[in-house]
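I have placed the structure first, in the form of structure tokens, so that the comments after it can refer back to it.
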Amino acid sequence: MPVSRSRRVTVERNDVSLLIDHIGELAVCDDTFTVLRHAAVLVEGDRIAWVGAAGNAPAADEYVDAAGRAVIPGFVDSHSHLVFAGDRSAEFAARMAGRPYSAGGIATTVDRVRNASDVELADNVARLVRQMYAQGTTTVEIKSGYGLTIDDEMRALRIAAGFTPETTYLGGHIVPPEADPDEYTALVAGPMLAACAPHAKWADVFCERGAFDVDQSRAILTAAAAAGLGLRVHGNQLGHGPGVQLAVELGAASVDHCTYLSDADIAALADGDTVATLLPGVEFSTRSPYPDAARLLAAGVTVALASDCNPGSCFSSSVPLMIALAVREMGMTVEQALWSATAGGARALRRDDIGSITVGRRADLVVLDAPSYVHLAYRPGVPLIDQVFRGGIREW
Ligand code: NIG
Ligand code: FE
């Protein structure tokens, strides 16, 4: 374990070059998981310009001496619901006392969001995004889905867009209590989509018993694709169902949760281009069985790990916690879990500029206060994030 503090710089502009030197372990996370020992990384502008052996690096304007620490790519948290107000701690406490999770709690947050000001919602997102940066996340996807009126969905997306280009229209989260299911589905696939599409990169639907059935989900997703949005699906969270197969059929970038999977679901994922995004914080916070990541990986499915940070099913913004849970509870090796939380998340967002430490990628780098990335799973709950660079700029 290194004893000296790593040297910290305050890089507030990225028109200077930065060398992170004396890296004990560099987790590259390219097409496969590889590690370089005694390495250095040169950043120029917002990009990685050089990766090689410590001591051999080109000169730079600024230096960080990692003093033997591990460096990993910034986490790509490809699934979150940060635009909300209030919390549902009472619902969590009731669950821990034995009550099961149901998607019904979503309506509580919808009510709070409709009554919240823009400033209150934006402040909530800002606070959670800061938390994420402090925990090593450098890219976050943010969904709407707690407004469920045209105006409230649109404002959620406008607020989210102030923090990330990875914005997702989730008008199809639940049917709000005041609405008729068929009329609401038509609204989500019609006028609400038209109003929201300019503010969103993606569309998502909660395809699950109690939310949207397969026909309703297909109608919404097909309309969203025609409006130019990429597709994502919440599927197979609460039980077996059609979400995974629908996501693959429509060429969605990702199907998220995947807690209950049949052999046919796994075969479809293995044959298709859809990433399976696993959200172990949800199983932790809802006391549900964890998905079997080892089964997916053995079948050749691309797996991502994300937080699903939301006030109901998982109010954690910590990707390191997700890595620890994936390793302890889902049959992933530390290497698989770290790859899935970085390169896997990038694939789930169809991004090839982030998620790995290779020349030309965005300089999203995390210096751990640990000699090895293994500590992410080995020391759960410990603040191991020493420094975070996002596009070459120091965020933490
Ligand atoms: O990803 N599954 C649906 N939506 C969220 C839950 C949101 C909530 O409970 O407020 C999820 O788990
Ligand atoms: Fe979610």
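Ligands are numbered from 1 in the order shown, chains are lettered A, B, ... in the order of the structure tokens, and residues start at 1 in each chain.
Residues in contact with Ala197 in chain A at up to 9 Å, not including ones fewer than 3 positions away on its chain and judged by only C-alpha atoms, are Met154, Tyr169, Met192, Leu193, Ala194, Ala200, Lys201, Trp202, Ala203, Ala224, Ala227, Gly228 and Leu229 of chain A.
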Please identify the helix (DSSP H, G or I) residues within range 216-377 of chain A (assignment by DSSP from backbone atoms) and present them as a PDB file with C-alpha atoms, in the first residue's frame.
ATOM      1  CA  GLN A 216     -47.770  -0.951 -25.492  1.00  0.00           C
ATOM      2  CA  SER A 217     -43.998  -1.021 -25.104  1.00  0.00           C
ATOM      3  CA  ARG A 218     -43.483  -1.874 -28.766  1.00  0.00           C
ATOM      4  CA  ALA A 219     -45.785   0.975 -29.830  1.00  0.00           C
ATOM      5  CA  ILE A 220     -43.854   3.504 -27.738  1.00  0.00           C
ATOM      6  CA  LEU A 221     -40.417   2.262 -28.753  1.00  0.00           C
ATOM      7  CA  THR A 222     -41.253   2.018 -32.445  1.00  0.00           C
ATOM      8  CA  ALA A 223     -42.554   5.585 -32.448  1.00  0.00           C
ATOM      9  CA  ALA A 224     -39.450   6.740 -30.569  1.00  0.00           C
ATOM     10  CA  ALA A 225     -37.133   5.072 -33.079  1.00  0.00           C
ATOM     11  CA  ALA A 226     -39.057   6.764 -35.908  1.00  0.00           C
ATOM     12  CA  GLY A 243     -38.820  -7.094 -22.114  1.00  0.00           C
ATOM     13  CA  VAL A 244     -35.519  -8.689 -23.060  1.00  0.00           C
ATOM     14  CA  GLN A 245     -36.803 -10.243 -26.268  1.00  0.00           C
ATOM     15  CA  LEU A 246     -38.518  -7.007 -27.287  1.00  0.00           C
ATOM     16  CA  ALA A 247     -35.328  -5.032 -26.686  1.00  0.00           C
ATOM     17  CA  VAL A 248     -33.311  -7.403 -28.869  1.00  0.00           C
ATOM     18  CA  GLU A 249     -36.015  -7.502 -31.551  1.00  0.00           C
ATOM     19  CA  ASP A 263     -32.566 -19.623 -21.601  1.00  0.00           C
ATOM     20  CA  ALA A 264     -34.337 -18.094 -24.615  1.00  0.00           C
ATOM     21  CA  ASP A 265     -33.702 -14.574 -23.267  1.00  0.00           C
ATOM     22  CA  ILE A 266     -30.020 -15.336 -22.894  1.00  0.00           C
ATOM     23  CA  ALA A 267     -29.833 -16.850 -26.365  1.00  0.00           C
ATOM     24  CA  ALA A 268     -31.516 -13.760 -27.830  1.00  0.00           C
ATOM     25  CA  LEU A 269     -29.048 -11.459 -26.061  1.00  0.00           C
ATOM     26  CA  ALA A 270     -26.106 -13.571 -27.202  1.00  0.00           C
ATOM     27  CA  ASP A 271     -27.304 -13.402 -30.822  1.00  0.00           C
ATOM     28  CA  PRO A 280     -27.312  -4.903  -8.411  1.00  0.00           C
ATOM     29  CA  GLY A 281     -28.118  -1.951  -6.158  1.00  0.00           C
ATOM     30  CA  VAL A 282     -31.770  -2.636  -6.960  1.00  0.00           C
ATOM     31  CA  GLU A 283     -31.573  -6.226  -5.757  1.00  0.00           C
ATOM     32  CA  PHE A 284     -29.712  -5.018  -2.677  1.00  0.00           C
ATOM     33  CA  SER A 285     -32.325  -2.351  -1.901  1.00  0.00           C
ATOM     34  CA  THR A 286     -35.392  -4.432  -2.742  1.00  0.00           C
ATOM     35  CA  ALA A 293     -24.081 -12.439 -14.456  1.00  0.00           C
ATOM     36  CA  ALA A 294     -21.868 -15.495 -14.824  1.00  0.00           C
ATOM     37  CA  ARG A 295     -24.585 -17.175 -16.922  1.00  0.00           C
ATOM     38  CA  LEU A 296     -24.781 -14.161 -19.227  1.00  0.00           C
ATOM     39  CA  LEU A 297     -21.016 -13.881 -19.577  1.00  0.00           C
ATOM     40  CA  ALA A 298     -20.653 -17.598 -20.286  1.00  0.00           C
ATOM     41  CA  VAL A 319     -20.623   2.463  -8.858  1.00  0.00           C
ATOM     42  CA  PRO A 320     -17.941   1.018  -6.535  1.00  0.00           C
ATOM     43  CA  LEU A 321     -20.785  -0.453  -4.473  1.00  0.00           C
ATOM     44  CA  MET A 322     -22.257  -1.989  -7.647  1.00  0.00           C
ATOM     45  CA  ILE A 323     -18.878  -3.543  -8.441  1.00  0.00           C
ATOM     46  CA  ALA A 324     -18.605  -5.010  -4.947  1.00  0.00           C
ATOM     47  CA  LEU A 325     -22.132  -6.442  -5.153  1.00  0.00           C
ATOM     48  CA  ALA A 326     -21.569  -7.851  -8.647  1.00  0.00           C
ATOM     49  CA  VAL A 327     -18.453  -9.635  -7.480  1.00  0.00           C
ATOM     50  CA  ARG A 328     -19.857 -10.879  -4.180  1.00  0.00           C
ATOM     51  CA  GLU A 329     -23.381 -11.744  -5.328  1.00  0.00           C
ATOM     52  CA  VAL A 334     -13.355  -8.165 -10.211  1.00  0.00           C
ATOM     53  CA  GLU A 335     -11.980  -7.745 -13.729  1.00  0.00           C
ATOM     54  CA  GLN A 336     -15.352  -8.506 -15.340  1.00  0.00           C
ATOM     55  CA  ALA A 337     -17.137  -6.143 -12.965  1.00  0.00           C
ATOM     56  CA  LEU A 338     -14.699  -3.278 -13.570  1.00  0.00           C
ATOM     57  CA  TRP A 339     -14.861  -3.798 -17.346  1.00  0.00           C
ATOM     58  CA  SER A 340     -18.675  -3.804 -17.210  1.00  0.00           C
ATOM     59  CA  ALA A 341     -18.780  -0.568 -15.182  1.00  0.00           C
ATOM     60  CA  THR A 342     -16.505   1.231 -17.667  1.00  0.00           C
ATOM     61  CA  ALA A 343     -16.207  -0.250 -21.175  1.00  0.00           C
ATOM     62  CA  GLY A 344     -19.522  -2.110 -20.736  1.00  0.00           C
ATOM     63  CA  GLY A 345     -21.340   1.087 -19.801  1.00  0.00           C
ATOM     64  CA  ALA A 346     -19.828   2.804 -22.845  1.00  0.00           C
ATOM     65  CA  ARG A 347     -21.184   0.024 -25.067  1.00  0.00           C
ATOM     66  CA  ALA A 348     -24.600   0.325 -23.436  1.00  0.00           C
ATOM     67  CA  HIS A 375      -9.675  -3.034  -3.726  1.00  0.00           C
ATOM     68  CA  LEU A 376     -12.900  -1.716  -5.276  1.00  0.00           C
ATOM     69  CA  ALA A 377     -14.554  -5.036  -4.403  1.00  0.00           C
TER      70      ALA A 377
END
Using only C-alpha atoms and all ligand atoms, which protein or nucleic acid residues are at most 6 Å from ligand 1, as a list in words?
-> Ala103, Gly105, Ile106, Phe206, Asp308, Asn310, Pro311, Gly312 and Ser313 of chain A
Just want the 12 Å neighbourhood of Asp87 in chain A, counted on only C-alpha atoms, with same-chain residues fewer than 2 positions away dropped. Output as a short mmCIF file (atom, residue, chain, number, x, y, z; two decimals) with N, CA and C atoms, in the first residue's frame.
data_model
loop_
_atom_site.label_atom_id
_atom_site.label_comp_id
_atom_site.auth_asym_id
_atom_site.auth_seq_id
_atom_site.Cartn_x
_atom_site.Cartn_y
_atom_site.Cartn_z
N LEU A 82 -32.19 10.71 -12.00
CA LEU A 82 -31.80 11.72 -11.00
C LEU A 82 -32.76 12.89 -10.90
N VAL A 83 -33.69 13.01 -11.86
CA VAL A 83 -34.58 14.19 -11.82
C VAL A 83 -35.79 13.84 -10.95
N PHE A 84 -35.64 14.06 -9.67
CA PHE A 84 -36.76 13.77 -8.76
C PHE A 84 -36.71 14.71 -7.57
N ALA A 85 -37.77 14.69 -6.78
CA ALA A 85 -37.82 15.47 -5.54
C ALA A 85 -38.23 14.52 -4.42
N SER A 89 -37.64 7.01 1.85
CA SER A 89 -36.96 6.23 2.89
C SER A 89 -37.96 5.39 3.69
N ALA A 90 -39.19 5.89 3.85
CA ALA A 90 -40.18 5.11 4.61
C ALA A 90 -40.53 3.83 3.86
N GLU A 91 -40.60 3.95 2.53
CA GLU A 91 -40.88 2.75 1.71
C GLU A 91 -39.73 1.74 1.86
N PHE A 92 -38.51 2.24 1.86
CA PHE A 92 -37.35 1.36 2.04
C PHE A 92 -37.41 0.65 3.39
N ALA A 93 -37.70 1.44 4.43
CA ALA A 93 -37.74 0.86 5.79
C ALA A 93 -38.83 -0.21 5.86
N GLY A 105 -44.69 2.61 -5.87
CA GLY A 105 -44.06 3.75 -5.19
C GLY A 105 -43.66 4.86 -6.15
N ILE A 106 -43.50 4.52 -7.43
CA ILE A 106 -43.11 5.52 -8.42
C ILE A 106 -44.10 6.69 -8.41
N THR A 108 -45.63 8.03 -6.01
CA THR A 108 -45.32 8.96 -4.91
C THR A 108 -44.33 10.01 -5.39
N THR A 109 -43.29 9.54 -6.09
CA THR A 109 -42.28 10.48 -6.59
C THR A 109 -42.85 11.35 -7.70
N VAL A 110 -43.74 10.79 -8.54
CA VAL A 110 -44.37 11.59 -9.59
C VAL A 110 -45.10 12.77 -8.96
N ASP A 111 -45.81 12.52 -7.89
CA ASP A 111 -46.54 13.58 -7.22
C ASP A 111 -45.57 14.67 -6.71
N ARG A 112 -44.48 14.25 -6.12
CA ARG A 112 -43.49 15.21 -5.60
C ARG A 112 -42.87 16.03 -6.73
N VAL A 113 -42.58 15.36 -7.84
CA VAL A 113 -41.92 16.06 -8.96
C VAL A 113 -42.87 17.09 -9.58
N ASN A 124 -31.30 19.04 -7.13
CA ASN A 124 -31.21 17.62 -6.78
C ASN A 124 -30.28 16.88 -7.74
N CYS A 309 -29.49 4.83 -9.93
CA CYS A 309 -29.77 5.73 -8.80
C CYS A 309 -31.16 6.38 -8.95
N ASN A 310 -32.04 6.11 -8.01
CA ASN A 310 -33.40 6.64 -8.01
C ASN A 310 -33.92 6.58 -6.57
N PRO A 311 -34.99 7.32 -6.26
CA PRO A 311 -35.40 7.36 -4.85
C PRO A 311 -36.14 6.12 -4.37
N GLY A 312 -36.49 5.21 -5.31
CA GLY A 312 -37.31 4.06 -4.91
C GLY A 312 -36.54 2.77 -4.80
N SER A 313 -36.15 2.22 -5.95
CA SER A 313 -35.59 0.86 -5.94
C SER A 313 -34.12 0.82 -5.58
N CYS A 314 -33.41 1.96 -5.64
CA CYS A 314 -31.99 1.98 -5.26
C CYS A 314 -31.49 3.42 -5.15
N PHE A 315 -31.45 3.94 -3.95
CA PHE A 315 -30.97 5.32 -3.79
C PHE A 315 -29.48 5.29 -3.46
N SER A 316 -28.69 4.74 -4.41
CA SER A 316 -27.24 4.79 -4.29
C SER A 316 -26.65 5.28 -5.60
#
Residues within 7 Å of ligand 2, counting only C-alpha atoms and all ligand atoms: report them as a VMD selection string.
-> chain A and resid 79 to 81 234 308
Using only C-alpha atoms, which of the listed residues (A:Arg350, A:Leu36, A:Asp292, A:Asp215) sits closest to Val275 in chain A?
->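 Of A:Arg350, A:Leu36, A:Asp292, A:Asp215, the one nearest Val275 in chain A is A:Arg350, counting only C-alpha atoms.
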Could you write out, as an NGL selection string, all the residues of range 264-316 of chain A that DSSP marks as strand (DSSP E or B)?
-> :A and (275-278 or 303-305 or 309)
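Of the residues under consideration (A:Cys29, A:Glu178, A:Ser317, A:Ala304), A:Ser317 shows the shortest atom-to-atom contact distance to Arg127 in chain A when counting only C-alpha atoms.
Of the listed residues A:Gly239, A:Pro191, A:Gly210, A:Gly74, the one whose atoms come nearest to Phe389 in chain A is A:Gly74, with distances taken using only C-alpha atoms.
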Determine, counting only C-alpha atoms, which protein, DNA and RNA residues have an atom within 8 Å of an atom of Gly172 in chain A; residues of the same chain fewer than 5 positions away are not included. Present the result as a count of residues only.
-> 10
